[in-house]
Amino acid sequence: MSQKPATPLRLVVLISGNGSNLQAIIDEINNNDLPAQVVAVISNKAEAYGLERAKKANIQHHVLSNKDYSERSDYDAALKELIDSYQPDLIILAGFMRILSNEFVEHFSHKMMNIHPSLLPKHKGLNTHQRALDAGEKEHGCSVHFVTPELDDGPVILQAKTPVKDNDTAETLAARVHELEHRIYPQAIRLFAENKINQAE
Ligand code: GRF
């Protein structure tokens with residue numbers, strides 16, 4: 001079944017840093033008719049540059065600092081409440097550097113996507129570019145997946161690959177993978193908006 005939504009998909013984007021994926025999504029909405037609207041950006045870090053990007057794009061933005069909560073469950077409850085207040089159709093994790101509790105993840109089951117800089121199921125976790133080099137991978141890339149309680153483990157929606165070159169460093173590889181991320185994250189959101197993802201996975 002493929003149906004264009006009558007109203008744009010409501011997105012809440014969670015960030016912790018630069019927000020270049022957030023920017024790619026904003027640009028795709030503005031320039032290429034991605035049928036979506038970023039209704040809020042939430043960062044757990046006050047210094048995240050992505051907040052500036054939200055401000056420039058006139059998007060509501062919040063800092064919800066984990067330092068203000070001693071218990072993970074309390075932070076997640078506050079985050080859940082803030083997200084729910086925007087009634088989103090889809091939650092986008094875009095460099096949000098927090099492990100989320102099972103309860104939080106299950107509350108947004110099949111409504112929360114993440115982008116991970118590796119060809120999952122390879123190289124879950126951090127330092128993926130260096131680990132791909134160390135493992136002698138011939139190709140590397142990124143994956144958009146639904147978020148499930150286990151870290152970097154949910155059903156993959158889209159992947160993009162780049163060959164690993166002999167003279168690649170973690171930095172050169174990261175730069176190429178980042179470009180791929182900016183391409184496939186908006187594509188995955190488009191697939192979701194057009195009901196083209198098999199949600200039964
Ligand atoms: C990206 O590399 C993404 O794969 C990872 O965090 C990084 C976020 O980058 N989950 P940015 O903040 O979108 O520039």
# chains A, B, ... in the order shown; residues from 1 in each chain; ligands from 1
$ residues_near_ligand --ligand "ligand 1" --cutoff "10 Å" --atoms "only C-alpha atoms and all ligand atoms" --output "VMD selection string"
chain A and resid 14 to 25 48 to 50 93 to 97 114 to 118 125 to 129 141 to 144 152 174 to 175 177 to 182 185
$ residues_around --residues "Ser101 (chain A)" --least-positions-apart "6" --cutoff "12 Å" --atoms "only C-alpha atoms" --output "count of residues only"
16
$ closest_residue --among "A:Arg176, A:Ile197, A:Lys161, A:Gly154" --to "Lys124 (chain A)" --atoms "only C-alpha atoms"
A:Gly154
$ closest_atom_pairs --of "region 76-147 of chain A" --to "region 56-62 of chain A" --cutoff "12 Å" --atoms "only C-alpha atoms" --output "tab-separated table"
residue	atom	partner	partner_atom	distance
A:Leu79	CA	A:His62	CA	10.4
A:Leu82	CA	A:His62	CA	9.1
A:Ile83	CA	A:His62	CA	10.4
A:Tyr86	CA	A:Gln60	CA	10.1
$ select_by_dssp --residues "region 27-84 of chain A" --states "strand (DSSP E or B)" --output "PDB file with all heavy atoms, in the first residue's frame"
ATOM      1  N   ALA A  36       7.089  16.136   5.238  1.00  0.00           N
ATOM      2  CA  ALA A  36       7.310  16.084   6.680  1.00  0.00           C
ATOM      3  C   ALA A  36       7.546  17.488   7.210  1.00  0.00           C
ATOM      4  O   ALA A  36       7.797  18.422   6.433  1.00  0.00           O
ATOM      5  CB  ALA A  36       8.525  15.205   6.987  1.00  0.00           C
ATOM      6  N   GLN A  37       7.475  17.587   8.542  1.00  0.00           N
ATOM      7  CA  GLN A  37       7.668  18.877   9.199  1.00  0.00           C
ATOM      8  C   GLN A  37       8.406  18.582  10.505  1.00  0.00           C
ATOM      9  O   GLN A  37       7.980  17.685  11.241  1.00  0.00           O
ATOM     10  CB  GLN A  37       6.262  19.417   9.462  1.00  0.00           C
ATOM     11  CG  GLN A  37       6.142  20.603  10.309  1.00  0.00           C
ATOM     12  CD  GLN A  37       4.654  20.868  10.656  1.00  0.00           C
ATOM     13  OE1 GLN A  37       3.777  20.031  10.451  1.00  0.00           O
ATOM     14  NE2 GLN A  37       4.410  22.032  11.204  1.00  0.00           N
ATOM     15  N   VAL A  38       9.509  19.271  10.750  1.00  0.00           N
ATOM     16  CA  VAL A  38      10.188  19.077  12.035  1.00  0.00           C
ATOM     17  C   VAL A  38       9.462  19.969  13.043  1.00  0.00           C
ATOM     18  O   VAL A  38       9.551  21.197  12.981  1.00  0.00           O
ATOM     19  CB  VAL A  38      11.690  19.430  11.963  1.00  0.00           C
ATOM     20  CG1 VAL A  38      12.347  19.169  13.324  1.00  0.00           C
ATOM     21  CG2 VAL A  38      12.394  18.607  10.880  1.00  0.00           C
ATOM     22  N   VAL A  39       8.717  19.349  13.948  1.00  0.00           N
ATOM     23  CA  VAL A  39       7.926  20.151  14.892  1.00  0.00           C
ATOM     24  C   VAL A  39       8.737  20.521  16.129  1.00  0.00           C
ATOM     25  O   VAL A  39       8.410  21.480  16.814  1.00  0.00           O
ATOM     26  CB  VAL A  39       6.596  19.448  15.275  1.00  0.00           C
ATOM     27  CG1 VAL A  39       5.662  19.401  14.084  1.00  0.00           C
ATOM     28  CG2 VAL A  39       6.829  18.056  15.837  1.00  0.00           C
ATOM     29  N   ALA A  40       9.806  19.772  16.409  1.00  0.00           N
ATOM     30  CA  ALA A  40      10.669  20.141  17.538  1.00  0.00           C
ATOM     31  C   ALA A  40      12.015  19.447  17.425  1.00  0.00           C
ATOM     32  O   ALA A  40      12.123  18.353  16.874  1.00  0.00           O
ATOM     33  CB  ALA A  40      10.023  19.757  18.867  1.00  0.00           C
ATOM     34  N   VAL A  41      13.028  20.141  17.953  1.00  0.00           N
ATOM     35  CA  VAL A  41      14.369  19.566  18.091  1.00  0.00           C
ATOM     36  C   VAL A  41      14.685  19.574  19.581  1.00  0.00           C
ATOM     37  O   VAL A  41      14.495  20.587  20.257  1.00  0.00           O
ATOM     38  CB  VAL A  41      15.405  20.396  17.305  1.00  0.00           C
ATOM     39  CG1 VAL A  41      16.819  19.949  17.637  1.00  0.00           C
ATOM     40  CG2 VAL A  41      15.149  20.292  15.804  1.00  0.00           C
ATOM     41  N   ILE A  42      15.147  18.436  20.085  1.00  0.00           N
ATOM     42  CA  ILE A  42      15.485  18.333  21.507  1.00  0.00           C
ATOM     43  C   ILE A  42      16.931  17.863  21.619  1.00  0.00           C
ATOM     44  O   ILE A  42      17.327  16.894  20.964  1.00  0.00           O
ATOM     45  CB  ILE A  42      14.556  17.336  22.235  1.00  0.00           C
ATOM     46  CG1 ILE A  42      13.082  17.745  22.062  1.00  0.00           C
ATOM     47  CG2 ILE A  42      14.921  17.247  23.722  1.00  0.00           C
ATOM     48  CD1 ILE A  42      12.075  16.703  22.539  1.00  0.00           C
ATOM     49  N   SER A  43      17.698  18.575  22.448  1.00  0.00           N
ATOM     50  CA  SER A  43      19.099  18.200  22.659  1.00  0.00           C
ATOM     51  C   SER A  43      19.325  17.934  24.147  1.00  0.00           C
ATOM     52  O   SER A  43      18.748  18.622  24.991  1.00  0.00           O
ATOM     53  CB  SER A  43      20.011  19.335  22.200  1.00  0.00           C
ATOM     54  OG  SER A  43      21.348  19.048  22.559  1.00  0.00           O
ATOM     55  N   HIS A  61      12.806  24.451  19.782  1.00  0.00           N
ATOM     56  CA  HIS A  61      13.913  23.620  20.236  1.00  0.00           C
ATOM     57  C   HIS A  61      14.046  23.700  21.755  1.00  0.00           C
ATOM     58  O   HIS A  61      13.691  24.708  22.362  1.00  0.00           O
ATOM     59  CB  HIS A  61      15.226  24.023  19.558  1.00  0.00           C
ATOM     60  CG  HIS A  61      15.455  25.490  19.543  1.00  0.00           C
ATOM     61  ND1 HIS A  61      14.800  26.329  18.676  1.00  0.00           N
ATOM     62  CD2 HIS A  61      16.224  26.272  20.321  1.00  0.00           C
ATOM     63  CE1 HIS A  61      15.176  27.564  18.905  1.00  0.00           C
ATOM     64  NE2 HIS A  61      16.038  27.554  19.904  1.00  0.00           N
ATOM     65  N   HIS A  62      14.538  22.618  22.318  1.00  0.00           N
ATOM     66  CA  HIS A  62      14.635  22.489  23.772  1.00  0.00           C
ATOM     67  C   HIS A  62      15.954  21.850  24.149  1.00  0.00           C
ATOM     68  O   HIS A  62      16.444  20.991  23.422  1.00  0.00           O
ATOM     69  CB  HIS A  62      13.537  21.558  24.305  1.00  0.00           C
ATOM     70  CG  HIS A  62      12.160  21.986  23.970  1.00  0.00           C
ATOM     71  ND1 HIS A  62      11.380  22.729  24.824  1.00  0.00           N
ATOM     72  CD2 HIS A  62      11.401  21.761  22.868  1.00  0.00           C
ATOM     73  CE1 HIS A  62      10.205  22.952  24.263  1.00  0.00           C
ATOM     74  NE2 HIS A  62      10.189  22.365  23.074  1.00  0.00           N
ATOM     75  N   VAL A  63      16.452  22.246  25.317  1.00  0.00           N
ATOM     76  CA  VAL A  63      17.557  21.502  25.925  1.00  0.00           C
ATOM     77  C   VAL A  63      16.966  20.764  27.116  1.00  0.00           C
ATOM     78  O   VAL A  63      16.338  21.373  27.987  1.00  0.00           O
ATOM     79  CB  VAL A  63      18.681  22.441  26.411  1.00  0.00           C
ATOM     80  CG1 VAL A  63      19.760  21.636  27.124  1.00  0.00           C
ATOM     81  CG2 VAL A  63      19.267  23.225  25.250  1.00  0.00           C
TER      82      VAL A  63
END
$ closest_residue --among "A:Leu191, A:Ala170, A:Leu9, A:Ile92" --to "Pro35 (chain A)" --atoms "only C-alpha atoms"
A:Leu9
$ atom_distance --atom1 "CA of Arg183 (chain A)" --atom2 "CA of Ala160 (chain A)"
8.7 Å
$ closest_residue --among "A:Phe146, A:Leu64, A:Pro163, A:Glu47" --to "Glu106 (chain A)" --atoms "only C-alpha atoms"
A:Phe146
$ atom_distance --atom1 "CA of Thr7 (chain A)" --atom2 "CA of Asn44 (chain A)"
29.0 Å
$ closest_residue --among "A:Lys138, A:Lys55, A:Lys111, A:His145" --to "Asp168 (chain A)" --atoms "only C-alpha atoms"
A:Lys138
$ residues_around --residues "Pro88 (chain A)" --least-positions-apart "3" --cutoff "7 Å" --atoms "only C-alpha atoms" --output "ChimeraX atom specification"
/A:10-12,84,91
$ write_last_selection --atoms "N, CA, C and O atoms" --output "PDB file, in the first residue's frame"
ATOM      1  N   ARG A  10       4.751  14.508  11.207  1.00  0.00           N
ATOM      2  CA  ARG A  10       5.299  15.338  12.286  1.00  0.00           C
ATOM      3  C   ARG A  10       6.530  14.652  12.874  1.00  0.00           C
ATOM      4  O   ARG A  10       6.437  13.540  13.404  1.00  0.00           O
ATOM      5  N   LEU A  11       7.679  15.326  12.760  1.00  0.00           N
ATOM      6  CA  LEU A  11       8.936  14.743  13.235  1.00  0.00           C
ATOM      7  C   LEU A  11       9.430  15.475  14.476  1.00  0.00           C
ATOM      8  O   LEU A  11       9.422  16.712  14.509  1.00  0.00           O
ATOM      9  N   VAL A  12       9.878  14.714  15.465  1.00  0.00           N
ATOM     10  CA  VAL A  12      10.667  15.287  16.562  1.00  0.00           C
ATOM     11  C   VAL A  12      12.072  14.721  16.417  1.00  0.00           C
ATOM     12  O   VAL A  12      12.246  13.502  16.300  1.00  0.00           O
ATOM     13  N   ASP A  84       5.995  13.620  23.557  1.00  0.00           N
ATOM     14  CA  ASP A  84       4.559  13.372  23.368  1.00  0.00           C
ATOM     15  C   ASP A  84       3.762  14.673  23.252  1.00  0.00           C
ATOM     16  O   ASP A  84       2.733  14.719  22.581  1.00  0.00           O
ATOM     17  N   ILE A  91       9.901   9.739  15.537  1.00  0.00           N
ATOM     18  CA  ILE A  91      10.998  10.337  16.310  1.00  0.00           C
ATOM     19  C   ILE A  91      12.299   9.962  15.605  1.00  0.00           C
ATOM     20  O   ILE A  91      12.525   8.797  15.277  1.00  0.00           O
TER      21      ILE A  91
END
$ select_by_dssp --residues "chain A" --states "helix (DSSP H, G or I)" --output "mmCIF file with C-alpha atoms, in the first residue's frame"
data_model
loop_
_atom_site.group_PDB
_atom_site.id
_atom_site.type_symbol
_atom_site.label_atom_id
_atom_site.label_comp_id
_atom_site.auth_asym_id
_atom_site.auth_seq_id
_atom_site.Cartn_x
_atom_site.Cartn_y
_atom_site.Cartn_z
ATOM 1 C CA SER A 20 24.249 17.822 10.107
ATOM 2 C CA ASN A 21 21.696 15.033 9.660
ATOM 3 C CA LEU A 22 19.026 17.328 11.083
ATOM 4 C CA GLN A 23 20.115 19.906 8.499
ATOM 5 C CA ALA A 24 19.885 17.356 5.685
ATOM 6 C CA ILE A 25 16.311 16.566 6.734
ATOM 7 C CA ILE A 26 15.361 20.264 6.963
ATOM 8 C CA ASP A 27 16.883 20.846 3.505
ATOM 9 C CA GLU A 28 15.038 17.895 1.993
ATOM 10 C CA ILE A 29 11.746 19.219 3.384
ATOM 11 C CA ASN A 30 12.433 22.724 2.053
ATOM 12 C CA ASN A 31 13.993 21.855 -1.297
ATOM 13 C CA ASN A 32 12.680 18.461 -2.321
ATOM 14 C CA GLY A 50 22.134 21.584 15.946
ATOM 15 C CA LEU A 51 20.159 23.929 18.211
ATOM 16 C CA GLU A 52 21.442 26.857 16.129
ATOM 17 C CA ARG A 53 20.279 25.091 12.989
ATOM 18 C CA ALA A 54 16.816 24.661 14.530
ATOM 19 C CA LYS A 55 16.732 28.333 15.514
ATOM 20 C CA LYS A 56 17.697 29.421 11.991
ATOM 21 C CA ASN A 66 20.583 14.609 31.562
ATOM 22 C CA LYS A 67 22.728 16.325 34.206
ATOM 23 C CA ASP A 68 19.522 17.570 35.802
ATOM 24 C CA ARG A 72 17.928 7.454 33.869
ATOM 25 C CA SER A 73 14.270 6.518 34.295
ATOM 26 C CA ASP A 74 13.391 10.074 35.409
ATOM 27 C CA TYR A 75 15.220 11.605 32.461
ATOM 28 C CA ASP A 76 13.533 9.246 30.030
ATOM 29 C CA ALA A 77 10.117 9.980 31.550
ATOM 30 C CA ALA A 78 10.664 13.736 31.138
ATOM 31 C CA LEU A 79 11.905 13.233 27.583
ATOM 32 C CA LYS A 80 8.925 11.051 26.737
ATOM 33 C CA GLU A 81 6.531 13.684 28.075
ATOM 34 C CA LEU A 82 8.218 16.468 26.112
ATOM 35 C CA ILE A 83 8.185 14.431 22.889
ATOM 36 C CA ASP A 84 4.559 13.372 23.368
ATOM 37 C CA ASN A 102 13.547 -0.231 27.325
ATOM 38 C CA GLU A 103 10.336 1.407 28.472
ATOM 39 C CA PHE A 104 11.109 4.552 26.487
ATOM 40 C CA VAL A 105 11.980 2.582 23.358
ATOM 41 C CA GLU A 106 8.887 0.415 23.612
ATOM 42 C CA HIS A 107 6.659 3.465 24.029
ATOM 43 C CA THR A 128 32.945 2.588 13.849
ATOM 44 C CA HIS A 129 35.240 4.052 11.170
ATOM 45 C CA GLN A 130 38.469 3.055 12.916
ATOM 46 C CA ARG A 131 37.007 -0.357 13.687
ATOM 47 C CA ALA A 132 36.063 -0.890 10.047
ATOM 48 C CA LEU A 133 39.662 -0.040 9.062
ATOM 49 C CA ASP A 134 41.122 -2.285 11.764
ATOM 50 C CA ALA A 170 39.069 7.162 10.103
ATOM 51 C CA GLU A 171 38.594 10.844 9.182
ATOM 52 C CA THR A 172 38.389 10.418 5.391
ATOM 53 C CA LEU A 173 36.078 7.467 5.809
ATOM 54 C CA ALA A 174 33.880 9.366 8.279
ATOM 55 C CA ALA A 175 33.570 12.264 5.827
ATOM 56 C CA ARG A 176 32.356 9.995 3.012
ATOM 57 C CA VAL A 177 29.987 8.089 5.289
ATOM 58 C CA HIS A 178 28.546 11.364 6.582
ATOM 59 C CA GLU A 179 27.641 12.368 3.022
ATOM 60 C CA LEU A 180 25.862 9.055 2.592
ATOM 61 C CA GLU A 181 24.016 9.579 5.864
ATOM 62 C CA HIS A 182 22.680 12.899 4.611
ATOM 63 C CA ARG A 183 21.283 11.096 1.587
ATOM 64 C CA ILE A 184 19.671 8.051 3.174
ATOM 65 C CA TYR A 185 18.138 9.553 6.326
ATOM 66 C CA PRO A 186 15.737 11.787 4.378
ATOM 67 C CA GLN A 187 15.052 8.851 2.010
ATOM 68 C CA ALA A 188 14.111 6.590 4.915
ATOM 69 C CA ILE A 189 11.742 9.264 6.266
ATOM 70 C CA ARG A 190 10.186 9.546 2.819
ATOM 71 C CA LEU A 191 9.631 5.782 2.708
ATOM 72 C CA PHE A 192 7.957 5.961 6.120
ATOM 73 C CA ALA A 193 5.786 8.907 5.035
#
$ closest_residue --among "A:Ile157, A:Lys165, A:Asp33, A:Pro8" --to "Glu139 (chain A)" --atoms "only C-alpha atoms"
A:Lys165
$ closest_residue --among "A:Ser70, A:Asp89, A:Ile99, A:Leu119" --to "Leu158 (chain A)" --atoms "only C-alpha atoms"
A:Leu119
